[in-house]
Amino acid sequence: LSMFEVDGFEERLYCQNLCYIAKLFLDHKTLYFDVDPFLFYVLCEVDERGYHPVGYYSKEKYSDVGYNLACILTFPSHQRKGYGRFLIAFSYELSKKEEKVGSPEKPMSDLGQQAYIPYWTSTIVDFLLNHSGESKSMSIMDIAKKTSIMAEDIIFALNTLELLKFVNGVYFIYAERGQLEKLAREHPVKEPRVDPSKLHWTPYINDVKRDKFSISSKKPSVEADTIGDH
């Protein structure tokens with residue numbers, strides 16, 4: 001698999017045609033002829049005959065609400081191969097490179113929720129189980145910094161997993177190791193996975209001087225949100 005970044009300003013016709021293809025299969029898709037503010041990321045299968053597009057997603061060059069994905073489509077002839085989740089994972093890998101948290105454009109469609117909720121739940125369970133180290137306490141913001149998933153989406157996923165407890169007016173992440181292992185079997189991280197070591201990419205430079213979605217601007221952990229490992 002290979003990924004290509006296409007600038008809507010540089011390749012208007014190509015990017016407009018991608019939007020037309022998406023409109024054929026997405027009822028909620030709205031069309032704008034102005035693709036200049038967007039970057040398009042095209043996923044291709046590679047064989048001896050060359051590169052064959054199988055899906056894409058777009059994102060705004062700068063989003064003042066922290067969106068890292070605007071529209072996503074896996075071509076119908078290539079669905080059920082895990083490419084949708086691969087594209088979602090790729091969008092978060094770019095957010096990590098940018099040192100930002102990100103989220104898909106809201107409100108999400110039903111199809112969007114079907115794609116994102118499994119990604120969020122599997123990624124958060126995998127992180128809590130395998131990448132949280134020996135830490136006995138961890139805040140939602142700590143998870144956001146490591147996964148680049150926006151805090152509100154993490155809270156939604158933790159509620160879905162029933163890991164968020166409300167005690168004496170304070171929310172706690174409470175997860176025993178056995179429970180996390182059970183959830184990991186129910187919400188596995190599926191193939192194909194994005195290999196960050198193969199990602200050679202430089203963030204798009206814009207004129208915004210202070211970005212409120214930058215990870216470096218996030219506050220440190222607070223004692224309120226903790227993870228119990230028993």
# chains A, B, ... in the order shown; residues from 1 in each chain; ligands from 1

call {"tool": "residues_around", "arguments": {"residues": "segment 153-163 of chain A", "least_positions_apart": "5", "cutoff": "6 Å", "atoms": "only C-alpha atoms", "output": "list in words"}}
result
Thr121, Ile173 and Tyr174 of chain A

call {"tool": "write_last_selection", "arguments": {"atoms": "all heavy atoms", "output": "PDB file, in the first residue's frame"}}
result
ATOM      1  N   THR A 121     -12.379   2.849  20.148  1.00  0.00           N
ATOM      2  CA  THR A 121     -12.417   1.881  21.245  1.00  0.00           C
ATOM      3  C   THR A 121     -11.203   0.950  21.200  1.00  0.00           C
ATOM      4  O   THR A 121     -10.548   0.726  22.224  1.00  0.00           O
ATOM      5  CB  THR A 121     -13.720   1.059  21.216  1.00  0.00           C
ATOM      6  OG1 THR A 121     -13.911   0.494  19.912  1.00  0.00           O
ATOM      7  CG2 THR A 121     -14.921   1.928  21.558  1.00  0.00           C
ATOM      8  N   ILE A 173     -11.490   6.950  35.250  1.00  0.00           N
ATOM      9  CA  ILE A 173     -11.276   5.797  34.368  1.00  0.00           C
ATOM     10  C   ILE A 173     -10.917   4.643  35.287  1.00  0.00           C
ATOM     11  O   ILE A 173      -9.923   4.705  36.011  1.00  0.00           O
ATOM     12  CB  ILE A 173     -10.124   6.044  33.374  1.00  0.00           C
ATOM     13  CG1 ILE A 173     -10.357   7.310  32.558  1.00  0.00           C
ATOM     14  CG2 ILE A 173      -9.938   4.840  32.464  1.00  0.00           C
ATOM     15  CD1 ILE A 173      -9.155   7.728  31.736  1.00  0.00           C
ATOM     16  N   TYR A 174     -11.724   3.595  35.267  1.00  0.00           N
ATOM     17  CA  TYR A 174     -11.447   2.454  36.129  1.00  0.00           C
ATOM     18  C   TYR A 174     -11.415   1.192  35.277  1.00  0.00           C
ATOM     19  O   TYR A 174     -12.424   0.825  34.678  1.00  0.00           O
ATOM     20  CB  TYR A 174     -12.504   2.322  37.222  1.00  0.00           C
ATOM     21  CG  TYR A 174     -12.202   1.208  38.199  1.00  0.00           C
ATOM     22  CD1 TYR A 174     -11.297   1.400  39.240  1.00  0.00           C
ATOM     23  CD2 TYR A 174     -12.803  -0.042  38.051  1.00  0.00           C
ATOM     24  CE1 TYR A 174     -10.998   0.380  40.123  1.00  0.00           C
ATOM     25  CE2 TYR A 174     -12.504  -1.069  38.919  1.00  0.00           C
ATOM     26  CZ  TYR A 174     -11.609  -0.852  39.959  1.00  0.00           C
ATOM     27  OH  TYR A 174     -11.310  -1.878  40.823  1.00  0.00           O
TER      28      TYR A 174
END

call {"tool": "atom_distance", "arguments": {"atom1": "atom CA of Gly102 of chain A", "atom2": "atom CA of Gly66 of chain A"}}
result
5.3 Å

call {"tool": "closest_atom_pairs", "arguments": {"of": "segment 74-114 of chain A", "to": "segment 137-151 of chain A", "cutoff": "12 Å", "atoms": "only C-alpha atoms", "output": "JSON lines"}}
result
{"residue": "A:Ile88", "atom": "CA", "partner": "A:Ile149", "partner_atom": "CA", "distance": 11.0}
{"residue": "A:Ala89", "atom": "CA", "partner": "A:Thr147", "partner_atom": "CA", "distance": 9.9}
{"residue": "A:Phe90", "atom": "CA", "partner": "A:Ser148", "partner_atom": "CA", "distance": 11.4}
{"residue": "A:Ser91", "atom": "CA", "partner": "A:Ser148", "partner_atom": "CA", "distance": 9.7}
{"residue": "A:Tyr92", "atom": "CA", "partner": "A:Ser148", "partner_atom": "CA", "distance": 6.1}
{"residue": "A:Glu93", "atom": "CA", "partner": "A:Ser148", "partner_atom": "CA", "distance": 7.9}
{"residue": "A:Leu94", "atom": "CA", "partner": "A:Ser148", "partner_atom": "CA", "distance": 9.2}
{"residue": "A:Ser95", "atom": "CA", "partner": "A:Ser148", "partner_atom": "CA", "distance": 6.2}
{"residue": "A:Lys96", "atom": "CA", "partner": "A:Ser148", "partner_atom": "CA", "distance": 5.8}
{"residue": "A:Lys97", "atom": "CA", "partner": "A:Ser148", "partner_atom": "CA", "distance": 9.5}
{"residue": "A:Glu98", "atom": "CA", "partner": "A:Ser148", "partner_atom": "CA", "distance": 9.5}
{"residue": "A:Glu99", "atom": "CA", "partner": "A:Ser148", "partner_atom": "CA", "distance": 7.7}
{"residue": "A:Lys100", "atom": "CA", "partner": "A:Ser148", "partner_atom": "CA", "distance": 6.2}
{"residue": "A:Val101", "atom": "CA", "partner": "A:Ser148", "partner_atom": "CA", "distance": 4.1}
{"residue": "A:Gly102", "atom": "CA", "partner": "A:Met150", "partner_atom": "CA", "distance": 5.4}
{"residue": "A:Ser103", "atom": "CA", "partner": "A:Met150", "partner_atom": "CA", "distance": 5.9}
{"residue": "A:Pro104", "atom": "CA", "partner": "A:Met150", "partner_atom": "CA", "distance": 9.5}
{"residue": "A:Glu105", "atom": "CA", "partner": "A:Met150", "partner_atom": "CA", "distance": 11.9}

call {"tool": "write_last_selection", "arguments": {"atoms": "N, CA and C atoms", "output": "PDB file, in the first residue's frame"}}
result
ATOM      1  N   ILE A  88      -8.403   6.143   8.561  1.00  0.00           N
ATOM      2  CA  ILE A  88      -8.647   6.840   9.829  1.00  0.00           C
ATOM      3  C   ILE A  88      -7.369   6.849  10.666  1.00  0.00           C
ATOM      4  N   ALA A  89      -6.727   5.676  10.779  1.00  0.00           N
ATOM      5  CA  ALA A  89      -5.483   5.591  11.551  1.00  0.00           C
ATOM      6  C   ALA A  89      -4.416   6.506  10.960  1.00  0.00           C
ATOM      7  N   PHE A  90      -4.368   6.582   9.631  1.00  0.00           N
ATOM      8  CA  PHE A  90      -3.388   7.440   8.966  1.00  0.00           C
ATOM      9  C   PHE A  90      -3.632   8.909   9.315  1.00  0.00           C
ATOM     10  N   SER A  91      -4.905   9.311   9.381  1.00  0.00           N
ATOM     11  CA  SER A  91      -5.211  10.712   9.709  1.00  0.00           C
ATOM     12  C   SER A  91      -4.708  11.067  11.108  1.00  0.00           C
ATOM     13  N   TYR A  92      -4.778  10.106  12.037  1.00  0.00           N
ATOM     14  CA  TYR A  92      -4.280  10.369  13.389  1.00  0.00           C
ATOM     15  C   TYR A  92      -2.755  10.323  13.449  1.00  0.00           C
ATOM     16  N   GLU A  93      -2.124   9.515  12.594  1.00  0.00           N
ATOM     17  CA  GLU A  93      -0.666   9.518  12.545  1.00  0.00           C
ATOM     18  C   GLU A  93      -0.150  10.873  12.066  1.00  0.00           C
ATOM     19  N   LEU A  94      -0.870  11.487  11.111  1.00  0.00           N
ATOM     20  CA  LEU A  94      -0.478  12.834  10.668  1.00  0.00           C
ATOM     21  C   LEU A  94      -0.672  13.840  11.802  1.00  0.00           C
ATOM     22  N   SER A  95      -1.750  13.682  12.571  1.00  0.00           N
ATOM     23  CA  SER A  95      -1.962  14.575  13.717  1.00  0.00           C
ATOM     24  C   SER A  95      -0.828  14.439  14.730  1.00  0.00           C
ATOM     25  N   LYS A  96      -0.338  13.211  14.922  1.00  0.00           N
ATOM     26  CA  LYS A  96       0.799  13.014  15.836  1.00  0.00           C
ATOM     27  C   LYS A  96       2.029  13.742  15.308  1.00  0.00           C
ATOM     28  N   LYS A  97       2.249  13.671  13.994  1.00  0.00           N
ATOM     29  CA  LYS A  97       3.383  14.378  13.388  1.00  0.00           C
ATOM     30  C   LYS A  97       3.247  15.890  13.578  1.00  0.00           C
ATOM     31  N   GLU A  98       1.996  16.366  13.517  1.00  0.00           N
ATOM     32  CA  GLU A  98       1.732  17.790  13.707  1.00  0.00           C
ATOM     33  C   GLU A  98       1.758  18.176  15.183  1.00  0.00           C
ATOM     34  N   GLU A  99       1.802  17.156  16.059  1.00  0.00           N
ATOM     35  CA  GLU A  99       1.732  17.348  17.510  1.00  0.00           C
ATOM     36  C   GLU A  99       0.433  18.053  17.894  1.00  0.00           C
ATOM     37  N   LYS A 100      -0.664  17.514  17.362  1.00  0.00           N
ATOM     38  CA  LYS A 100      -1.996  18.054  17.637  1.00  0.00           C
ATOM     39  C   LYS A 100      -2.942  16.911  17.990  1.00  0.00           C
ATOM     40  N   VAL A 101      -4.048  17.283  18.628  1.00  0.00           N
ATOM     41  CA  VAL A 101      -5.164  16.350  18.717  1.00  0.00           C
ATOM     42  C   VAL A 101      -6.111  16.655  17.560  1.00  0.00           C
ATOM     43  N   GLY A 102      -6.843  15.635  17.115  1.00  0.00           N
ATOM     44  CA  GLY A 102      -7.731  15.827  15.974  1.00  0.00           C
ATOM     45  C   GLY A 102      -9.016  15.050  16.134  1.00  0.00           C
ATOM     46  N   SER A 103      -9.962  15.359  15.259  1.00  0.00           N
ATOM     47  CA  SER A 103     -11.269  14.712  15.298  1.00  0.00           C
ATOM     48  C   SER A 103     -11.884  14.800  13.908  1.00  0.00           C
ATOM     49  N   PRO A 104     -12.740  13.852  13.537  1.00  0.00           N
ATOM     50  CA  PRO A 104     -13.420  13.959  12.246  1.00  0.00           C
ATOM     51  C   PRO A 104     -14.438  15.085  12.252  1.00  0.00           C
ATOM     52  N   GLU A 105     -14.779  15.556  11.084  1.00  0.00           N
ATOM     53  CA  GLU A 105     -15.743  16.646  10.947  1.00  0.00           C
ATOM     54  C   GLU A 105     -17.084  16.245  11.554  1.00  0.00           C
TER      55      GLU A 105
END

call {"tool": "select_by_dssp", "arguments": {"residues": "segment 47-118 of chain A", "states": "strand (DSSP E)", "output": "list in words"}}
result
Asp47, Gly50, Tyr51, His52, Pro53, Val54, Gly55, Tyr56, Tyr57, Ser58, Lys59, Glu60, Tyr67, Asn68, Leu69, Cys71, Ile72, Leu73, Thr74, Ser103 and Pro104 of chain A

call {"tool": "select_by_dssp", "arguments": {"residues": "chain A", "states": "helix (DSSP H, G or I)", "output": "ChimeraX atom specification"}}
result
/A:12-25,76-78,83-98,110-131,140-147,151-161,177-186,196-198,215-217

call {"tool": "residues_around", "arguments": {"residues": "Glu45 of chain A", "least_positions_apart": "4", "cutoff": "6 Å", "atoms": "only C-alpha atoms", "output": "PyMOL selection string"}}
result
chain A and resi 1+51-52

call {"tool": "write_last_selection", "arguments": {"atoms": "N, CA, C and O atoms", "output": "PDB file, in the first residue's frame"}}
result
ATOM      1  N   LEU A   1       0.836  -1.206   0.000  1.00  0.00           N
ATOM      2  CA  LEU A   1       0.000   0.000   0.000  1.00  0.00           C
ATOM      3  C   LEU A   1       0.867   1.251   0.000  1.00  0.00           C
ATOM      4  O   LEU A   1       1.924   1.277   0.616  1.00  0.00           O
ATOM      5  N   TYR A  51       0.204   1.885  -9.597  1.00  0.00           N
ATOM      6  CA  TYR A  51      -0.522   2.300  -8.400  1.00  0.00           C
ATOM      7  C   TYR A  51      -2.009   2.423  -8.740  1.00  0.00           C
ATOM      8  O   TYR A  51      -2.375   3.097  -9.700  1.00  0.00           O
ATOM      9  N   HIS A  52      -2.865   1.813  -7.919  1.00  0.00           N
ATOM     10  CA  HIS A  52      -4.297   1.779  -8.203  1.00  0.00           C
ATOM     11  C   HIS A  52      -5.062   2.357  -7.011  1.00  0.00           C
ATOM     12  O   HIS A  52      -5.071   1.744  -5.924  1.00  0.00           O
TER      13      HIS A  52
END

call {"tool": "residues_around", "arguments": {"residues": "Tyr41 of chain A", "least_positions_apart": "3", "cutoff": "6 Å", "atoms": "only C-alpha atoms", "output": "list in words"}}
result
Phe4, Glu5, Tyr56 and Tyr57 of chain A

call {"tool": "write_last_selection", "arguments": {"atoms": "N, CA, C and O atoms", "output": "JSON list (two decimals), in the first residue's frame"}}
result
[["chain", "number", "residue", "atom", "x", "y", "z"],
["A", 4, "PHE", "N", -0.60, 8.94, -1.05],
["A", 4, "PHE", "CA", -0.16, 10.16, -1.74],
["A", 4, "PHE", "C", -0.94, 11.35, -1.22],
["A", 4, "PHE", "O", -2.16, 11.28, -1.03],
["A", 5, "GLU", "N", -0.23, 12.45, -1.00],
["A", 5, "GLU", "CA", -0.87, 13.71, -0.62],
["A", 5, "GLU", "C", -1.04, 14.57, -1.87],
["A", 5, "GLU", "O", -0.09, 14.78, -2.62],
["A", 56, "TYR", "N", -9.78, 7.29, -0.38],
["A", 56, "TYR", "CA", -9.13, 8.57, -0.05],
["A", 56, "TYR", "C", -9.83, 9.21, 1.14],
["A", 56, "TYR", "O", -10.95, 8.83, 1.52],
["A", 57, "TYR", "N", -9.15, 10.18, 1.73],
["A", 57, "TYR", "CA", -9.84, 11.10, 2.64],
["A", 57, "TYR", "C", -9.30, 12.49, 2.40],
["A", 57, "TYR", "O", -8.21, 12.67, 1.83]]

call {"tool": "atom_distance", "arguments": {"atom1": "atom CA of Gly55 of chain A", "atom2": "atom CA of Ala22 of chain A"}}
result
9.4 Å
